[in-house]
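*Asks:* First the structure, then my questions, so here it is.
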Amino acid sequence: MPHPTLVTDLCGVRLENPLVLASGILGVTASSLLRVANSGAGAVTTKSFSVDERPGHKGPTILSFGAGLINAVGLSNPGVDAAVAEIRAYKAISRTPIVASIFGRTVDEFGAVAERAAAAHPDLIEVNVSCPNVAAELGTPFEADPATLAAVTRKVKAAARSVPVSVKLSTNFGFLARAAQAAADAGADLLTAINTVGPGIVIDTNVRRPVLANVTGGVSGRAILPIAVRAVFEISRAVRIPIIGTGGVASAEDALQMLMAGATAVGIGSAVYDHGVEVFAAVGRGLTAYLEREGLDRLDSIRGAAHVA
Amino acid sequence: MPHPTLVTDLCGVRLENPLVLASGILGVTASSLLRVANSGAGAVTTKSFSVDERPGHKGPTILSFGAGLINAVGLSNPGVDAAVAEIRAYKAISRTPIVASIFGRTVDEFGAVAERAAAAHPDLIEVNVSCPNVAAELGTPFEADPATLAAVTRKVKAAARSVPVSVKLSTNFGFLARAAQAAADAGADLLTAINTVGPGIVIDTNVRRPVLANVTGGVSGRAILPIAVRAVFEISRAVRIPIIGTGGVASAEDALQMLMAGATAVGIGSAVYDHGVEVFAAVGRGLTAYLEREGLDRLDSIRGAAHVA
Amino acid sequence: MSRDPALMRTFRVAKVTTHAPGLVSLYVEQTYPITPGQFVNLWIPGVDERPFSVSDVKDGLVEISVKALGPFSRRLVEVRRHDWLGVRGPFGTGFTAAEHGLLVGGGIGVAPLRFLDRVLAAQGLSRRLLFGVKSAAELIFPAAYAGTAELWSDDGSLGERGLVTQGLERALAAAAPRVIYAAGPEPMLLAVLRLARAHQIPAQLSFERAMKCGFGICGQCCMDGAGLRVCVEGPVLTDLQLHQVTDLGLPRRGPSGRRLGA
Amino acid sequence: MSRDPALMRTFRVAKVTTHAPGLVSLYVEQTYPITPGQFVNLWIPGVDERPFSVSDVKDGLVEISVKALGPFSRRLVEVRRHDWLGVRGPFGTGFTAAEHGLLVGGGIGVAPLRFLDRVLAAQGLSRRLLFGVKSAAELIFPAAYAGTAELWSDDGSLGERGLVTQGLERALAAAAPRVIYAAGPEPMLLAVLRLARAHQIPAQLSFERAMKCGFGICGQCCMDGAGLRVCVEGPVLTDLQLHQVTDLGLPRRGPSGRRLGA
Ligand SMILES: Cc1cc2nc3c(=O)[nH]c(=O)nc-3n(C[C@H](O)[C@H](O)[C@H](O)COP(=O)(O)OP(=O)(O)OC[C@H]3O[C@@H](n4cnc5c(N)ncnc54)[C@H](O)[C@@H]3O)c2cc1C
Ligand SMILES: Cc1cc2nc3c(=O)[nH]c(=O)nc-3n(C[C@H](O)[C@H](O)[C@H](O)COP(=O)(O)OP(=O)(O)OC[C@H]3O[C@@H](n4cnc5c(N)ncnc54)[C@H](O)[C@@H]3O)c2cc1C
Ligand SMILES: Cc1cc2nc3c(=O)[nH]c(=O)nc-3n(C[C@H](O)[C@H](O)[C@H](O)COP(=O)(O)O)c2cc1C
Ligand SMILES: Cc1cc2nc3c(=O)[nH]c(=O)nc-3n(C[C@H](O)[C@H](O)[C@H](O)COP(=O)(O)O)c2cc1C
Ligand code: FES
Ligand code: FES
């Protein structure tokens, strides 16, 4: 038997392995993205950025609640120009594919930031229409309404030119298959699922107030793995485009669940808290070991395998 | 200082303490409900029942996934007549208030089961419009559409006569405040929040298939505490009726979060797996200890306290 | 089996032994300590899940003995070596080891008692075995008990003809054990309980009830009376605990929770 | 502080000591082992959260020494005994204890070195202290260091007039320590690093960067070059690790991640 390979094709982008650093985790600077790439990620995603610079919310912005993390960083980002400079700097030193995550306050802003992001030639553009942590300021996430979701997708697709576009969904508004369908019909090349769940609130009972400065925050990590696996399972039945399955993955076992649910690639974020940046290499080794044990030479053999009749 | 009291008024029903056994946990028979009442619950809720008997899904129906539970029991129940007999049997031997949880396949069925349930004089009726585990059979939960939710609520209210009615919501369709508003406007006396989250899927990677016989199941336990606390927080801003805050509560600390978020009573379900039926007494003791430490004599002093400006 | 016993874990069946048609032992890797009387949930992927007592733990393997009765158990006795099987547990409260025990087993109820017998033997505790079956072919591990157990069968094809409870009556008349351990069909357990009470001998009896979870939250297995959960406080219940139970011998509850025939 | 250091836990401030106007030590209950050089995140409920080094652990209390600099630290020095304070951590990698260390502190950077000094003393490890401040009022715990530390001040109000790095140069010329420990403003750290390299003495330097999480996931504190996280691989970094860092002395990054003035 030849040594099994984890090489993954994601809309024509070649990943050495299917593990993608999720947006918002160690994604602020070129150096930090490089660090994760060198730690064994198959691709890395930037923190979501917008036209204008944003400082984000005051602290605390990220907590553990014992069964996962909850965060409301508030989409802090240096603005598209600085972000694009980091992407260029990253590309100058790394061959691991990079995903530019973008968001906007309006459909037009999504287009504007996509256009400027595309100019730096990221391997993919991911459209964050599902962040639950800026509702007070930006209102209900764009994904909540299929028509708006489609409009954002079309706008970004047009602006992104040849760069494949992923639309990032959450499970926070139900009707996930409908949202996936809307994005796919509007031209999304792939989907990322899922963003954080909830949102949630953690209250400190001594001081009797919510701990996050933003009051609410999105839940991630171990708590959401089954929800994310279900989302991928459901979406992969609704549309035919690839999915980056994200949410709660911390082990090869978890990543295999995502792949068997129908994901082409697997996002990892919060697990970096529990397992360090070493989690990418560890999960990669576990995937290889699984293929070896099962006598398989590639992940394609198990992709979607859990869709039994 | 007098000894603090946990006595809670829930729509005119007097609970010795605010802890309510959640529906679907040890709620099949009078004896099992009695056991929980005698273990320190302030009130107990039956497993949801319908007009007709239902065997539920094949096994496995309930799993741990490491950060909580996931279940798709499939609303198994002995049918309204047998369920009502259990309620009567319970009332003959226990003075702890009992909540009858009901569901139906149509608006009319909700009314029919409510009427027959009301005849057994439960202290409250809880309307399960949010179970995610029977979608294949019963379609999208009734709560997903505010108009349907209102219709179910009105029907049950009319049938329940003087028995106060709680509508049980989930966070699975977004727009929670709108659903709460719809239920309150239609006459709900109180709300229960939340039902299980997701749904989710757990895949066994050896056999490459979903473990739950129903494929998907609702997530409960530790994983969902912050989501449930947020739901209570959000609902208590939207409507003025009491809330049974349910989801992930396993300690006095967790129960205090619910109360400070605005709950009047606190549901406990999955924690029985980790902590046994002893969890009710333990949480009750913890609440009393908190009041003593803070020099308070009743829970009213902290209810909603986390709603700081 | 793991420290979070409600997690599903699948194992390849390590070995299968056929005792008789429709009567097999399955062996899977042991990953957690187990006490005689405890049970595991077995999942046939894509089929269903049911509780089964552990009939032995040896050489790192857990043995489960299954009798084909209905749709599920008929599938289970067809499982082959290397097939995947979901195993959760161990669940419940097992037997408490004591000196001078009398082990009374009926039918497939011999399974948990066999594990108990081996554990008592390993501790050098004296004991006496009384096993009853419908007919010779139904005894699991006959070789193991040739000479050591007093056997009864309905048709006389093995040991004495009659019910094992007749053997119990006779044994009690001769010498009082310190404790009676029993597992088997509920009518047999009731007869054992009556005799134990009459002779004022403490008894530990292993019961069966329909189950959904196996770990104390669904309420499916609760006994009427004080609401004891067969999956947590049981399956082994003492004569004292059974004073709190009011539905012994009644028709069982089906999967909906309704008492069948009621 | 707990084994899941990202959990928020609030504590009542057990004690407050004011060293000088705008320069205080806060004490909270210790619930987890802490190594000198590690830091905690302090949350003023409803205000904000910032990282602070631990300046001592004694009698079950953690001491944190704070200098009022901006909006947050000005609020923090006003916290009173019995106020609630959120404390998370400990985070990061601290100093490694060694014989013959030279501890070089600047301003509030004296804080973590003081904890280190006490731990080295408890282990009977010889060391030498060089502390520099702007002026006499800025030294925390002056009494503790009368006689034991060589002190420098910008205005000559305490010890010798000048920068503490002048003291370091002089010390290195006289006798080579086995290791240099340093904490203070980044320009000072750079001067220390240059001298350590020139004299081929291993150095352990404690850095500050803007932080959001403190536990390695937000990326806010990453240094340019290899992407070392000040909150995980740091705040104490060795001269060897610093070869991988390319942004020493550059304008810091603000909360958006943009380099200020860039
Ligand atoms: C704690 C516990 C331990 C068990 N240990 C073993 C074991 O070691 N070996 C083993 O083979 N089985 C054991 N069982 C029984 C097992 O779980 C199944 O009930 C059995 O295999 C029959 O299941 P089935 O689906 O094949 O048949 P079903 O269709 O469920 O039943 C087949 C026949 O048995 C009758 N029946 C089913 N369940 C019961 C019951 N609880 N009481 C009385 N009659 C019943 C039915 O009425 C029917 O006639 C145990 C059960 C429990 C609760
Ligand atoms: C690992 C670590 C340990 C720390 N330990 C301590 C400690 O023990 N005691 C203590 O008082 N503080 C310590 N700090 C600093 C502390 O976290 C705050 O940054 C400080 O209190 C100022 O915050 P502020 O919001 O009050 O002021 P800000 O408004 O943030 O800043 C006030 C002034 O300081 C400047 N400034 C802020 N941060 C930096 C920086 N990183 N580098 C250079 N200039 C800066 C600003 O430009 C401004 O002039 C530590 C920081 C880190 C990262
Ligand atoms: C601290 C933090 C910051 C995040 N920031 C972003 C973001 O900027 N854009 C985005 O699309 N998702 C963001 N996310 C969501 C993650 O990309 C991911 O979808 C989610 O956390 C689930 O994956 P995980 O459980 O592996 O973390 C963030 C998550 C965390 C924990
Ligand atoms: C095994 C199980 C069965 C449940 N069955 C019901 C049900 O029949 N009706 C209902 O309204 N909720 C049902 N629920 C939801 C619970 O009542 C509760 O809303 C949810 O589990 C969150 O609370 P918890 O985290 O404390 O369990 C069930 C939950 C579990 C775990
Ligand atoms: S089987 Fe669920 S409580 Fe016993
Ligand atoms: S502060 Fe978040 S990674 Fe260091």
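Identifiers in this document derive from the order of the structure tokens: chains are assigned A, B, ..., residues are numbered from 1 separately in each chain, and ligands are numbered from 1 in order of occurrence.
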Please, which residues of chain B lie no more than 9 Å from chain C when the count uses only C-alpha atoms, and can they be set out as an NGL selection string?
*Replies:* :B and (24-36 or 47 or 53-56 or 58-66 or 69 or 73 or 75-79 or 82-83 or 204-207 or 209-213 or 269-274 or 276-277)
*Asks:* Return as an MDAnalysis selection string every polymer residue, whether protein, DNA or RNA, with at least one atom no more than 6 Å from an atom of ligand 1; count only C-alpha atoms and all ligand atoms.
*Replies:* chainID C and resid 39 50:53 65:67 69:74 108 111 208:210 235
*Asks:* Residues contacting ligand 4 - anything with an atom at most 8 Å away, using only C-alpha atoms and all ligand atoms - can you give me those as a PyMOL selection string?
*Replies:* (chain B and resi 21-25+46-49+61-62+68-76+101-102+126-131+168+192-197+218-225+246-250+267-271) or (chain C and resi 213+217-218)
*Asks:* From a backbone DSSP assignment, name each residue in stretch 84-208 of chain D labelled alpha helix (DSSP H), as a ChimeraX atom specification.
*Replies:* /D:110-122,142-145,164-174,186-198
*Asks:* Run DSSP on the backbone and grab whatever in stretch 31-134 of chain A lands in strand (DSSP E or B); send it over as a count of residues only.
*Replies:* 22
*Asks:* What lies within 8 Å of A:Leu176 using only C-alpha atoms, ignoring chain neighbours under 4 positions off, as a PyMOL selection string?
*Replies:* chain A and resi 169-171+180+231+234-235
*Asks:* Please compute the atom CA of C:Arg161-atom CA of C:Gly22 distance, one decimal, in Å.
*Replies:*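 Atom CA of C:Arg161 sits 22.8 Å away from atom CA of C:Gly22.
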*Asks:* Which residues come within 10 Å of C:Gly156, counting only C-alpha atoms, excluding same-chain residues fewer than 5 positions away, as a ChimeraX atom specification?
*Replies:* /C:133-136,151,161-163
*Asks:* As an exercise, work out the distance from atom CA of B:Ile227 to atom CA of B:Val156 in Å and give it to one decimal place.
*Replies:*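 Here the two named atoms are 27.4 Å from each other.
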*Asks:* Compute the set of chain B residues within 7 Å of chain A, using only C-alpha atoms, and express it as a list in words.
*Replies:*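 Listing them in order of chain and number gives Ala67, Asn172, Phe173, Gly174, Gly198, Pro199, Gly200, Ile201, Val202, Ile203, Thr205, Arg208, Arg209, Pro210, Arg222, Ala223, Pro226, Ile227, Val229, Arg230, Glu253, Leu256, Gln257, Met260, Ala305, Ala306, His307 and Val308 of chain B.
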*Asks:* Just the number, please: distance in Å from atom CA of A:Asp297 to atom CA of A:Leu190, one decimal.
*Replies:*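 According to the coordinates, atom CA of A:Asp297 and atom CA of A:Leu190 are separated by 24.6 Å.
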*Asks:* Set the distance at 9 Å and use only C-alpha atoms: which residues neighbour B:Glu115 once local chain neighbours fewer than 4 positions away are removed? I'd like the list as a PyMOL selection string.
*Replies:* chain B and resi 110-111+119+156+158-161
